[in-house]
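K.L.:
Take a look at the following structure, please.
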Amino acid sequence: MYLILMHTIEFENVSKSFSEKSVLEDISFSVRQGEIFGLLGPNGAGKTTLIRLLLDIIRPDSGEIRIFGDFLSPAAKNRIGYLPEERGLYKKTRLLDMLVYLAQLKGIPKKQAHLNAESLLKSLELDQYRNKKVEELSKGMQQKVQFLSAIIHEPKLLILDEPFSGLDPVNTKTVMTRILGLRAAGKTIILSTHMMEQAQSLCDRILMLNKGRRVLYGPVDDIRKERGNNSLIVEFAEKGDLKAIREISGIKKVIEHGKLVEIFPEEGISAQILLEELVQKANLIRFEKTLPSLNEIFIQTLESASNE
Amino acid sequence: MNNFPGKTFIVARHEFLKTIKRKEFIFMTFLFPLLFAGITILPAVLSGMNQAEDQKVGYIDMTGSLGFPESIQSKGFSLEPSEAKTSVVEFVIYKDISDARQALQAGQISSYLVIHEDFLKTGTIELYSLEKEASMQNFELSAELSNIVITSLLKDKVDELTLNRIRDPVNIRFYNVGESGESSEQGIADIFASFGLPFLTAFLLFFSIFSSSGFLLRGVAEEKENRIIEILLSSVTPSEILTGKIFGLGAVGLLQVVIWLAAITLGSGYALTVKIEPVTLFLAIIYFIFGFLFFASVMAGIGAVTSSLQESQQIAGFFTFVAAFPLIFMQMIVTNPDSLFSVFLSLFPISSPVAMLARMGTTSVPLYQILASIFILLISVYVVILLSSRLFRTYLLMYGKRPKVKEIWKNIWTGSR
């Protein structure tokens with residue numbers, strides 16, 4: 001049996017420049033259906049340009065972009081939800097009217113748009129404000145409304161540009177729960193963010209851009225493993241157990257930090273073998289394979305890029 | 001323009017409904033007809049009320065030489081002779097001023113006249129009335145008194161015909177000679193209809209075109225300023241936004257024009273019993289549509305290029321100024337409608353809608369000039385929409401500093417996206 005992975009997005013050798021300044025150079029990647037795909041990179045890396053290319057707001061100079069397996073059509077555009085980094089709402093329009101209008105622009109009939117808006121407002125406990133003007137809502141509420149406007153038409157692909165910026169911890173949690181819920185429902189999500197912690201915990205795969213070029217691409221776990229130094233953190237119940245390490249072969253180097261020890265195994269020795277041996281000789285509280293955080297990788301990658 | 005009219009229609013309907021709910025629109029659209037009614041209907045109604053009142057006027061003639069009749073029929077002023085209402089003024093002679101004053105205070109007379117002995121030298125007649133009763137009728141009496149004085153002074157010296165000519169020397173009548181040589185008479189109302197109404201229509205056209213295209217400018221600048229444009233562009237194409245806005249706000253402007261024209265027709269019909277020529281009405285609407293399309297596209301381009309409402313209004317001001325030329329030079333157009341300058345203004349696309357309607361009010365504009373003016377406007381509309389939609393596409397998502405003129409010029413022709 002073959003497992004066919006459906007690609008929601010495919011970028012092939014895409015380049016874009018503005019006024020002879022190259023913003024994206026030969027970018028290729030794909031996003032699978034039902035995954036949360038992180039789009040990472042410092043300011044000016046080309047993330048927003050890439051998103052605008054995805055939405056057909058701008059066109060590439062060269063290369064091909066396919067969405068839902070085809071070139072972007074108006075019908076395909078209707079299946080995309082977008083939360084831009086630069087937030088914007090009609091301040092003087094009633095909340096319900098605005099949501100209905102934005103849903104209609106995505107091809108949803110007026111009646112259905114009303115139903116969707118009512119149910120979403122209810123789910124975020126905003127239904128009592130449905131007839132208020134947007135400018136009368138608090139900042140936190142406006143941010144939730146902004147998120148609603150991106151999902152009102154039940155898109156198959158959701159592009160979120162910095163969805164957590166400016167959110168308080170409660171709203172951050174609400175939005176995170178929503179995003180995970182959407183993935184569970186089979187939606188594909190592109191998450192462009194500076195917040196590496198969130199990217200690490202939410203994203204299945206990432207693309208990191210720097211100065212318009214692809215610098216990292218792949219599953220988050222693989223990238224962390226590749227970048228890791230393969231060390232292990234071990235914590236013993238008693239300090240005396242430390243001597244157990246010396247009785248085990250296959251360890252290249254040990255760094256002690258009190259009851260905590262960082263172990264560097266020799267080539268070809270797996271963490272599993274070491275664990276089995278250690279358990280027999282000492283009382284362990286913690287045994288952990290360390291991997292660098294996405295944040296460390298992000299900083300390292302940018303530093304090495306600037307040194308080149 | 002993908003799947004027209006679907007999304008274009010949604011944008012148009014949104015813009016239409018949003019704008020007609022704006023306070024500025026309601027104020028401009030409904031206040032104007034009220035003001036017009038105030039200016040035209042009210043004085044007619046009020047003067048009509050005054051004319052119906054008969055009155056008694058006392059007089060003390062110290063010269064002893066003026067022959068006052070017992071009563072006269074006073075004709076009030078009216079634009080239509082048939083509409084003029086007459087009232088009777090009865091003259092009562094008094095020997096001295098104190099008797100007349102007592103009669104006035106007792107309400108037996110509404111006013112009294114004092115003609116002093118040196119009247120022939122000074123020509124002065126004094127009119128006394130109670131303060132609260134000072135009215136238009138007292139001024140109208142002046143013309144009647146002139147007749148009485150002329151008749152008294154010349155009655156036995158000249159014949160009846162000469163006397164009539166001295167009283168009413170010239171009675172000018174206006175005739176139009178048509179192309180086939182037939183002539184037709186014009187009344188004051190006709191003159192107002194052919195001059196005043198097109199002038200008014202031109203004036204309103206200017207306001208309507210600029211208020212609707214102003215709404216468009218404001219809408220684009222605001223959507224760009226508050227960044228919602230990015231969400232819109234993720235759902236619809238720039239052309240759909242532009243077309244939707246132009247149709248929606250064009251409908252708003254057309255609604256305004258129709259309300260105003262209806263108000264003028266009703267108002268002027270009541271006050272002057274004239275009708276606006278159907279041709280003028282038709283051309284007013286044609287010029288509104290093309291004029292609006294022209295300016296709306298210009299405004300959309302400006303709104304897209306600039307980064308704030310304030311900045312966009314400053315640049316738009318230049319175009320408004322050029323378009324207001326026909327209003328600024330209205331005197332010249334009216335007095336010299338066939339001069340090279342007037343013809344130029346009525347052909348030049350920025351000023352043609354207003355200038356042509358103003359010219360039509362004062363002269364019979366040759367058909368080829370009207371057609372040429374519409375043709376030039378139509379071509380200009382096409383070019384401006386094309387260029388403006390390119391700017392719209394290129395600059396809608398550029399925030400921050402305004403692009404350089406050189407860069408705009410380049411993008412206008414290449415339309416990069």
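So you can find residues: chains in the structure tokens are A, B, ... in the order shown, residues in each start at 1, and ligands are numbered from 1 in order.
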Would you list which chain A residues are within 9 Å of chain B using only C-alpha atoms, as a PyMOL selection string?

P.N.:
chain A and resi 52+55-60+74+77-78+80-84+86-91+93+101-102+104-107+149-150

K.L.:
Write the residues you've just listed into a file as a CSV table (one decimal), in the first residue's frame, and include N, CA, C and O atoms for each of them.

P.N.:
```csv
chain,number,residue,atom,x,y,z
A,52,ARG,N,2.4,36.8,0.6
A,52,ARG,CA,1.7,37.5,-0.4
A,52,ARG,C,1.7,36.8,-1.7
A,52,ARG,O,0.8,36.9,-2.5
A,55,LEU,N,-0.9,34.2,-1.6
A,55,LEU,CA,-2.2,34.7,-1.7
A,55,LEU,C,-2.5,35.3,-3.1
A,55,LEU,O,-3.6,35.8,-3.3
A,56,ASP,N,-1.5,35.3,-3.9
A,56,ASP,CA,-1.7,35.9,-5.3
A,56,ASP,C,-1.9,37.4,-5.2
A,56,ASP,O,-2.4,38.0,-6.1
A,57,ILE,N,-1.4,38.0,-4.1
A,57,ILE,CA,-1.5,39.4,-4.0
A,57,ILE,C,-0.4,40.0,-4.9
A,57,ILE,O,-0.5,41.0,-5.6
A,58,ILE,N,0.8,39.3,-4.9
A,58,ILE,CA,1.8,39.6,-5.9
A,58,ILE,C,2.2,38.4,-6.6
A,58,ILE,O,1.8,37.3,-6.2
A,59,ARG,N,2.9,38.6,-7.7
A,59,ARG,CA,3.2,37.4,-8.6
A,59,ARG,C,4.8,37.2,-8.6
A,59,ARG,O,5.5,38.2,-8.5
A,60,PRO,N,5.2,35.9,-8.7
A,60,PRO,CA,6.7,35.7,-8.7
A,60,PRO,C,7.3,36.1,-10.0
A,60,PRO,O,6.6,36.2,-11.0
A,74,PRO,N,-9.3,31.8,-8.3
A,74,PRO,CA,-10.2,32.5,-7.4
A,74,PRO,C,-10.9,31.6,-6.4
A,74,PRO,O,-11.1,31.9,-5.3
A,77,LYS,N,-8.5,30.6,-3.8
A,77,LYS,CA,-8.3,31.7,-2.9
A,77,LYS,C,-9.4,31.8,-1.8
A,77,LYS,O,-9.1,32.2,-0.7
A,78,ASN,N,-10.6,31.3,-2.2
A,78,ASN,CA,-11.7,31.3,-1.2
A,78,ASN,C,-11.5,30.3,-0.1
A,78,ASN,O,-12.1,30.3,0.9
A,80,ILE,N,-8.6,29.8,1.4
A,80,ILE,CA,-7.5,30.2,2.3
A,80,ILE,C,-8.0,31.3,3.3
A,80,ILE,O,-8.7,32.2,2.9
A,81,GLY,N,-7.6,31.1,4.5
A,81,GLY,CA,-7.8,32.2,5.5
A,81,GLY,C,-6.5,32.9,5.8
A,81,GLY,O,-5.5,32.2,5.8
A,82,TYR,N,-6.6,34.2,6.1
A,82,TYR,CA,-5.3,34.9,6.3
A,82,TYR,C,-5.5,35.9,7.5
A,82,TYR,O,-6.4,36.7,7.5
A,83,LEU,N,-4.5,35.8,8.4
A,83,LEU,CA,-4.4,36.7,9.5
A,83,LEU,C,-3.1,37.5,9.2
A,83,LEU,O,-2.0,37.0,9.5
A,84,PRO,N,-3.2,38.7,8.7
A,84,PRO,CA,-1.9,39.4,8.4
A,84,PRO,C,-1.3,40.0,9.7
A,84,PRO,O,-1.9,40.2,10.7
A,86,GLU,N,0.0,42.9,10.0
A,86,GLU,CA,-0.5,44.3,10.2
A,86,GLU,C,-2.0,44.1,10.3
A,86,GLU,O,-2.7,44.0,9.4
A,87,ARG,N,-2.5,44.2,11.6
A,87,ARG,CA,-3.9,43.9,11.8
A,87,ARG,C,-4.7,45.1,11.3
A,87,ARG,O,-4.4,46.2,11.5
A,88,GLY,N,-5.9,44.8,10.8
A,88,GLY,CA,-6.8,45.8,10.3
A,88,GLY,C,-8.2,45.4,10.3
A,88,GLY,O,-8.6,44.3,10.0
A,89,LEU,N,-9.1,46.2,10.8
A,89,LEU,CA,-10.5,46.0,10.9
A,89,LEU,C,-11.2,47.3,10.5
A,89,LEU,O,-10.7,48.3,10.6
A,90,TYR,N,-12.5,47.1,10.1
A,90,TYR,CA,-13.3,48.3,9.8
A,90,TYR,C,-13.8,48.8,11.2
A,90,TYR,O,-14.7,48.3,11.8
A,91,LYS,N,-13.2,49.9,11.6
A,91,LYS,CA,-13.4,50.4,13.0
A,91,LYS,C,-14.9,50.8,13.2
A,91,LYS,O,-15.4,50.7,14.3
A,93,THR,N,-17.6,49.9,11.7
A,93,THR,CA,-18.6,48.9,11.2
A,93,THR,C,-19.0,48.0,12.4
A,93,THR,O,-18.2,47.7,13.2
A,101,TYR,N,-19.5,40.5,5.9
A,101,TYR,CA,-18.9,41.1,4.7
A,101,TYR,C,-17.6,40.3,4.3
A,101,TYR,O,-17.4,39.9,3.1
A,102,LEU,N,-16.7,40.1,5.3
A,102,LEU,CA,-15.5,39.4,5.0
A,102,LEU,C,-15.7,38.0,4.5
A,102,LEU,O,-15.0,37.5,3.6
A,104,GLN,N,-18.4,36.9,3.0
A,104,GLN,CA,-19.0,37.0,1.6
A,104,GLN,C,-17.9,37.2,0.6
A,104,GLN,O,-18.0,36.6,-0.5
A,105,LEU,N,-16.9,38.0,1.0
A,105,LEU,CA,-15.8,38.2,0.0
A,105,LEU,C,-15.1,36.9,-0.2
A,105,LEU,O,-14.3,36.7,-1.2
A,106,LYS,N,-15.2,35.9,0.7
A,106,LYS,CA,-14.6,34.6,0.5
A,106,LYS,C,-15.6,33.6,-0.2
A,106,LYS,O,-15.4,32.4,-0.1
A,107,GLY,N,-16.7,34.1,-0.7
A,107,GLY,CA,-17.6,33.3,-1.5
A,107,GLY,C,-18.6,32.6,-0.7
A,107,GLY,O,-19.3,31.7,-1.2
A,149,SER,N,-12.0,36.6,11.8
A,149,SER,CA,-12.2,37.1,10.4
A,149,SER,C,-11.4,36.2,9.5
A,149,SER,O,-11.7,36.1,8.3
A,150,ALA,N,-10.3,35.5,10.0
A,150,ALA,CA,-9.5,34.7,9.2
A,150,ALA,C,-10.1,33.3,9.0
A,150,ALA,O,-9.8,32.6,8.1
```

K.L.:
Extract, using only C-alpha atoms, all DNA, RNA and protein residues at most 9 Å from stretch 278-287 of chain B, discarding same-chain residues fewer than 2 positions from it, and format them as a compact mmCIF listing (two decimals) with N, CA, C and O atoms, in the first residue's frame.

P.N.:
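See selection04.txt below for the written result:
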```txt
# COMPACT_ATOMS: atom_id res chain seq x y z
N PRO B 198 -29.35 75.32 -15.74
CA PRO B 198 -28.11 74.62 -16.11
C PRO B 198 -26.93 75.04 -15.25
O PRO B 198 -26.08 74.24 -14.91
N THR B 201 -27.38 73.21 -12.19
CA THR B 201 -27.10 71.80 -12.45
C THR B 201 -25.58 71.58 -12.51
O THR B 201 -25.06 70.62 -11.94
N ALA B 202 -24.88 72.48 -13.20
CA ALA B 202 -23.43 72.36 -13.32
C ALA B 202 -22.78 72.43 -11.94
O ALA B 202 -21.88 71.67 -11.61
N LEU B 205 -23.50 69.27 -10.12
CA LEU B 205 -22.72 68.20 -10.71
C LEU B 205 -21.33 68.19 -10.11
O LEU B 205 -20.80 67.16 -9.73
N LEU B 254 -25.08 59.03 -8.08
CA LEU B 254 -26.23 59.10 -8.98
C LEU B 254 -27.52 59.31 -8.17
O LEU B 254 -28.38 60.12 -8.55
N VAL B 257 -27.57 62.90 -7.22
CA VAL B 257 -27.93 63.75 -8.36
C VAL B 257 -29.43 63.67 -8.63
O VAL B 257 -30.10 64.68 -8.84
N VAL B 258 -29.95 62.45 -8.59
CA VAL B 258 -31.38 62.26 -8.89
C VAL B 258 -32.23 62.98 -7.82
O VAL B 258 -33.20 63.67 -8.15
N LEU B 261 -31.87 66.73 -8.57
CA LEU B 261 -32.59 67.15 -9.77
C LEU B 261 -34.10 67.11 -9.53
O LEU B 261 -34.83 68.00 -9.97
N LYS B 275 -39.88 73.81 -16.55
CA LYS B 275 -39.37 72.44 -16.49
C LYS B 275 -37.95 72.44 -17.02
O LYS B 275 -37.63 73.21 -17.92
N ILE B 276 -37.14 71.55 -16.46
CA ILE B 276 -35.79 71.40 -17.02
C ILE B 276 -35.94 70.59 -18.29
O ILE B 276 -36.67 69.61 -18.34
N ILE B 289 -21.95 60.64 -14.94
CA ILE B 289 -21.38 59.28 -14.97
C ILE B 289 -19.91 59.33 -15.42
O ILE B 289 -19.02 58.81 -14.75
N PHE B 290 -19.67 60.03 -16.55
CA PHE B 290 -18.29 60.06 -17.06
C PHE B 290 -17.39 60.88 -16.15
O PHE B 290 -16.24 60.53 -15.90
N GLY B 291 -17.92 62.00 -15.68
CA GLY B 291 -17.13 62.86 -14.80
C GLY B 291 -16.76 62.11 -13.53
O GLY B 291 -15.62 62.15 -13.07
N PHE B 292 -17.74 61.38 -13.00
CA PHE B 292 -17.48 60.61 -11.78
C PHE B 292 -16.43 59.53 -12.03
O PHE B 292 -15.49 59.36 -11.27
N SER B 352 -14.60 69.60 -18.31
CA SER B 352 -15.70 69.58 -19.28
C SER B 352 -17.11 69.35 -18.70
O SER B 352 -18.05 70.02 -19.14
N PRO B 353 -17.29 68.43 -17.73
CA PRO B 353 -18.67 68.21 -17.28
C PRO B 353 -19.34 69.51 -16.80
O PRO B 353 -20.46 69.82 -17.21
N VAL B 354 -18.63 70.24 -15.97
CA VAL B 354 -19.22 71.46 -15.40
C VAL B 354 -19.29 72.57 -16.45
O VAL B 354 -20.33 73.22 -16.61
N MET B 356 -19.35 72.44 -19.76
CA MET B 356 -20.28 72.23 -20.87
C MET B 356 -21.72 72.54 -20.43
O MET B 356 -22.46 73.20 -21.16
N LEU B 357 -22.07 72.09 -19.26
CA LEU B 357 -23.45 72.35 -18.80
C LEU B 357 -23.67 73.84 -18.58
O LEU B 357 -24.76 74.37 -18.87
N MET B 360 -24.10 75.39 -22.03
CA MET B 360 -25.40 75.04 -22.61
C MET B 360 -26.51 75.94 -22.09
O MET B 360 -27.52 76.14 -22.75
N GLY B 361 -26.30 76.47 -20.89
CA GLY B 361 -27.30 77.34 -20.31
C GLY B 361 -27.34 78.71 -20.96
O GLY B 361 -28.35 79.42 -20.89
N ILE B 374 -17.91 64.77 -24.98
CA ILE B 374 -18.22 63.47 -24.39
C ILE B 374 -17.19 62.43 -24.85
O ILE B 374 -16.72 61.61 -24.06
N LEU B 377 -13.92 62.94 -23.07
CA LEU B 377 -14.09 62.51 -21.68
C LEU B 377 -14.05 60.98 -21.59
O LEU B 377 -13.41 60.41 -20.70
```

K.L.:
Can you pull out every residue from stretch 71-297 of chain A that DSSP, working from the backbone, puts in strand (DSSP E), and format the result as an NGL selection string?

P.N.:
:A and (80-83 or 157-161 or 188-192 or 205-210 or 213-219 or 232-236 or 251-257 or 260-265 or 284-289)

K.L.:
Between atom CA of B:Phe16 and atom CA of B:Leu266, what distance in Å does the model show, to one decimal?

P.N.:
25.9 Å

K.L.:
Which residues, written as a PyMOL selection string, have at least one atom at most 12 Å from stretch 242-247 of chain A, with only C-alpha atoms counted and residues fewer than 3 positions away on the same chain left out?

P.N.:
chain A and resi 234-239+250-265+274-275+277-284

K.L.:
Enter the distance from atom CA of B:Gly253 to atom CA of B:Phe30, in Å, rounded to one decimal.

P.N.:
13.1 Å

K.L.:
If you count only C-alpha atoms, which residues fall within 10 Å of B:Tyr128, apart from same-chain ones fewer than 4 positions away, as a PyMOL selection string?

P.N.:
chain B and resi 57-59+100-101+104+110-114+134+138

K.L.:
Can you spit out the residues from that selection as a compact mmCIF listing (two decimals), in the first residue's frame, using C-alpha atoms?

P.N.:
```txt
# COMPACT_ATOMS: atom_id res chain seq x y z
CA VAL B 57 -53.02 104.73 2.96
CA GLY B 58 -53.46 108.26 4.29
CA TYR B 59 -51.71 111.29 2.78
CA ALA B 100 -53.20 111.06 10.09
CA ARG B 101 -51.11 109.86 13.02
CA LEU B 104 -52.74 105.24 11.98
CA SER B 110 -51.95 101.11 7.51
CA SER B 111 -49.62 104.05 6.74
CA TYR B 112 -49.63 107.70 5.73
CA LEU B 113 -47.60 109.79 3.34
CA VAL B 114 -46.35 113.32 3.92
CA ALA B 134 -43.37 97.68 8.06
CA ASN B 138 -44.53 99.92 1.59
```

K.L.:
Just how far from atom CA of B:Gly301 is atom CA of B:Gln314, in Å to one decimal?

P.N.:
13.6 Å

K.L.:
Given only C-alpha atoms as the basis, pick out the residue of A:Leu124, A:Leu294, A:Leu54, A:Ser119 nearest to A:Gln200.

P.N.:
A:Leu294

K.L.:
Determine which residues of stretch 105-249 of chain A receive a DSSP assignment of helix (DSSP H, G or I), computed from the backbone, and state them as number ranges by chain.

P.N.:
A: 105, 110-123, 127-129, 134-136, 139-151, 169-184, 196-202, 220-227, 239-246

K.L.:
Do you know which residues are at most 10 Å from A:Phe164 counting only C-alpha atoms, after dropping those on the same chain fewer than 4 positions away, and could you put them as number ranges by chain?

P.N.:
A: 85, 143, 160, 168-169, 171-173, 175-176, 193-195, 198

K.L.:
Store the residues picked out above in a file with all heavy atoms, as an mmCIF file, in the first residue's frame.

P.N.:
```cif
data_model
loop_
_atom_site.group_PDB
_atom_site.id
_atom_site.type_symbol
_atom_site.label_atom_id
_atom_site.label_comp_id
_atom_site.auth_asym_id
_atom_site.auth_seq_id
_atom_site.Cartn_x
_atom_site.Cartn_y
_atom_site.Cartn_z
ATOM 1 N N GLU A 85 0.015 40.205 9.584
ATOM 2 C CA GLU A 85 0.750 40.740 10.737
ATOM 3 C C GLU A 85 0.249 42.143 11.066
ATOM 4 O O GLU A 85 0.044 42.487 12.220
ATOM 5 C CB GLU A 85 2.246 40.774 10.429
ATOM 6 C CG GLU A 85 3.053 41.240 11.632
ATOM 7 C CD GLU A 85 4.538 41.348 11.343
ATOM 8 O OE1 GLU A 85 4.948 41.193 10.196
ATOM 9 O OE2 GLU A 85 5.287 41.608 12.310
ATOM 10 N N GLN A 143 -8.474 41.624 18.869
ATOM 11 C CA GLN A 143 -7.534 40.615 18.382
ATOM 12 C C GLN A 143 -8.230 39.279 18.145
ATOM 13 O O GLN A 143 -7.944 38.573 17.181
ATOM 14 C CB GLN A 143 -6.387 40.457 19.371
ATOM 15 C CG GLN A 143 -5.402 41.608 19.226
ATOM 16 C CD GLN A 143 -4.467 41.711 20.394
ATOM 17 O OE1 GLN A 143 -4.780 41.237 21.480
ATOM 18 N NE2 GLN A 143 -3.335 42.335 20.186
ATOM 19 N N LEU A 160 -1.263 32.272 9.179
ATOM 20 C CA LEU A 160 -1.263 33.134 10.361
ATOM 21 C C LEU A 160 0.082 33.835 10.472
ATOM 22 O O LEU A 160 1.104 33.180 10.688
ATOM 23 C CB LEU A 160 -1.536 32.303 11.617
ATOM 24 C CG LEU A 160 -2.803 31.445 11.611
ATOM 25 C CD1 LEU A 160 -2.829 30.515 12.805
ATOM 26 C CD2 LEU A 160 -4.029 32.342 11.624
ATOM 27 N N ASP A 168 -2.404 38.778 25.250
ATOM 28 C CA ASP A 168 -2.066 38.478 26.644
ATOM 29 C C ASP A 168 -2.046 36.957 26.804
ATOM 30 O O ASP A 168 -2.496 36.219 25.910
ATOM 31 C CB ASP A 168 -3.064 39.173 27.581
ATOM 32 C CG ASP A 168 -4.484 38.703 27.375
ATOM 33 O OD1 ASP A 168 -4.674 37.502 27.092
ATOM 34 O OD2 ASP A 168 -5.414 39.529 27.483
ATOM 35 N N PRO A 169 -1.502 36.446 27.919
ATOM 36 C CA PRO A 169 -1.364 34.993 28.057
ATOM 37 C C PRO A 169 -2.680 34.233 27.900
ATOM 38 O O PRO A 169 -2.695 33.150 27.313
ATOM 39 C CB PRO A 169 -0.814 34.830 29.476
ATOM 40 C CG PRO A 169 -0.132 36.108 29.761
ATOM 41 C CD PRO A 169 -0.896 37.160 29.042
ATOM 42 N N ASN A 171 -5.378 35.101 26.067
ATOM 43 C CA ASN A 171 -5.743 35.049 24.646
ATOM 44 C C ASN A 171 -4.767 34.196 23.838
ATOM 45 O O ASN A 171 -5.166 33.545 22.875
ATOM 46 C CB ASN A 171 -5.816 36.463 24.061
ATOM 47 C CG ASN A 171 -7.139 37.128 24.385
ATOM 48 O OD1 ASN A 171 -8.146 36.453 24.588
ATOM 49 N ND2 ASN A 171 -7.143 38.449 24.445
ATOM 50 N N THR A 172 -3.495 34.218 24.243
ATOM 51 C CA THR A 172 -2.499 33.374 23.565
ATOM 52 C C THR A 172 -2.927 31.918 23.673
ATOM 53 O O THR A 172 -2.908 31.177 22.685
ATOM 54 C CB THR A 172 -1.107 33.552 24.207
ATOM 55 O OG1 THR A 172 -0.758 34.933 24.132
ATOM 56 C CG2 THR A 172 -0.049 32.724 23.491
ATOM 57 N N LYS A 173 -3.350 31.538 24.884
ATOM 58 C CA LYS A 173 -3.769 30.142 25.094
ATOM 59 C C LYS A 173 -5.010 29.829 24.251
ATOM 60 O O LYS A 173 -5.097 28.765 23.617
ATOM 61 C CB LYS A 173 -4.061 29.929 26.585
ATOM 62 C CG LYS A 173 -4.005 28.474 26.950
ATOM 63 C CD LYS A 173 -4.308 28.240 28.402
ATOM 64 C CE LYS A 173 -4.716 26.790 28.607
ATOM 65 N NZ LYS A 173 -5.609 26.608 29.722
ATOM 66 N N VAL A 175 -5.964 31.197 21.445
ATOM 67 C CA VAL A 175 -5.612 31.080 20.025
ATOM 68 C C VAL A 175 -4.847 29.781 19.759
ATOM 69 O O VAL A 175 -5.103 29.086 18.770
ATOM 70 C CB VAL A 175 -4.816 32.330 19.561
ATOM 71 C CG1 VAL A 175 -4.252 32.144 18.159
ATOM 72 C CG2 VAL A 175 -5.707 33.570 19.586
ATOM 73 N N MET A 176 -3.938 29.423 20.690
ATOM 74 C CA MET A 176 -3.175 28.172 20.519
ATOM 75 C C MET A 176 -4.114 26.961 20.479
ATOM 76 O O MET A 176 -3.964 26.065 19.643
ATOM 77 C CB MET A 176 -2.178 28.003 21.661
ATOM 78 C CG MET A 176 -0.842 28.643 21.369
ATOM 79 S SD MET A 176 0.297 28.383 22.721
ATOM 80 C CE MET A 176 1.355 27.149 22.042
ATOM 81 N N THR A 193 6.153 33.271 12.481
ATOM 82 C CA THR A 193 6.304 33.855 13.827
ATOM 83 C C THR A 193 7.759 34.102 14.195
ATOM 84 O O THR A 193 8.690 33.500 13.629
ATOM 85 C CB THR A 193 5.632 32.944 14.884
ATOM 86 O OG1 THR A 193 5.734 33.548 16.154
ATOM 87 C CG2 THR A 193 6.272 31.564 14.941
ATOM 88 N N HIS A 194 7.916 34.999 15.172
ATOM 89 C CA HIS A 194 9.236 35.233 15.776
ATOM 90 C C HIS A 194 9.357 34.415 17.051
ATOM 91 O O HIS A 194 10.424 34.285 17.607
ATOM 92 C CB HIS A 194 9.355 36.704 16.181
ATOM 93 C CG HIS A 194 9.652 37.599 15.045
ATOM 94 N ND1 HIS A 194 8.737 38.501 14.568
ATOM 95 C CD2 HIS A 194 10.757 37.733 14.285
ATOM 96 C CE1 HIS A 194 9.287 39.151 13.560
ATOM 97 N NE2 HIS A 194 10.501 38.709 13.380
ATOM 98 N N MET A 195 8.195 33.963 17.552
ATOM 99 C CA MET A 195 8.189 33.311 18.856
ATOM 100 C C MET A 195 8.569 31.845 18.700
ATOM 101 O O MET A 195 7.742 31.001 18.376
ATOM 102 C CB MET A 195 6.815 33.467 19.501
ATOM 103 C CG MET A 195 6.509 34.909 19.809
ATOM 104 S SD MET A 195 5.017 35.024 20.774
ATOM 105 C CE MET A 195 4.873 36.794 20.941
ATOM 106 N N GLN A 198 6.755 28.982 20.748
ATOM 107 C CA GLN A 198 5.476 28.551 20.195
ATOM 108 C C GLN A 198 5.678 27.719 18.921
ATOM 109 O O GLN A 198 5.009 26.718 18.714
ATOM 110 C CB GLN A 198 4.582 29.753 19.871
ATOM 111 C CG GLN A 198 3.576 30.046 20.951
ATOM 112 C CD GLN A 198 3.957 31.275 21.743
ATOM 113 O OE1 GLN A 198 4.819 32.032 21.322
ATOM 114 N NE2 GLN A 198 3.306 31.477 22.874
#
```

K.L.:
List the neighbours of stretch 343-349 of chain B out to 12 Å using only C-alpha atoms; skip same-chain residues closer than 6 positions along the sequence, and give me the result as a ChimeraX atom specification.

P.N.:
/B:202,287,290-295,319,322-330,332-334,336-337,355-360,363,365-366,368-384

K.L.:
Mind checking which residues fall within 8 Å of A:Leu40, counting only C-alpha atoms, ignoring those fewer than 6 positions away in the same chain, and posting them as a ChimeraX atom specification?

P.N.:
/A:47,192-194,206-209

K.L.:
Between B:Val252, B:Trp260, B:Ile125, B:Glu160, which residue has the minimum interatomic distance to B:Ile20, considering only C-alpha atoms?

P.N.:
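Smallest separation from B:Ile20 among the options: B:Val252.
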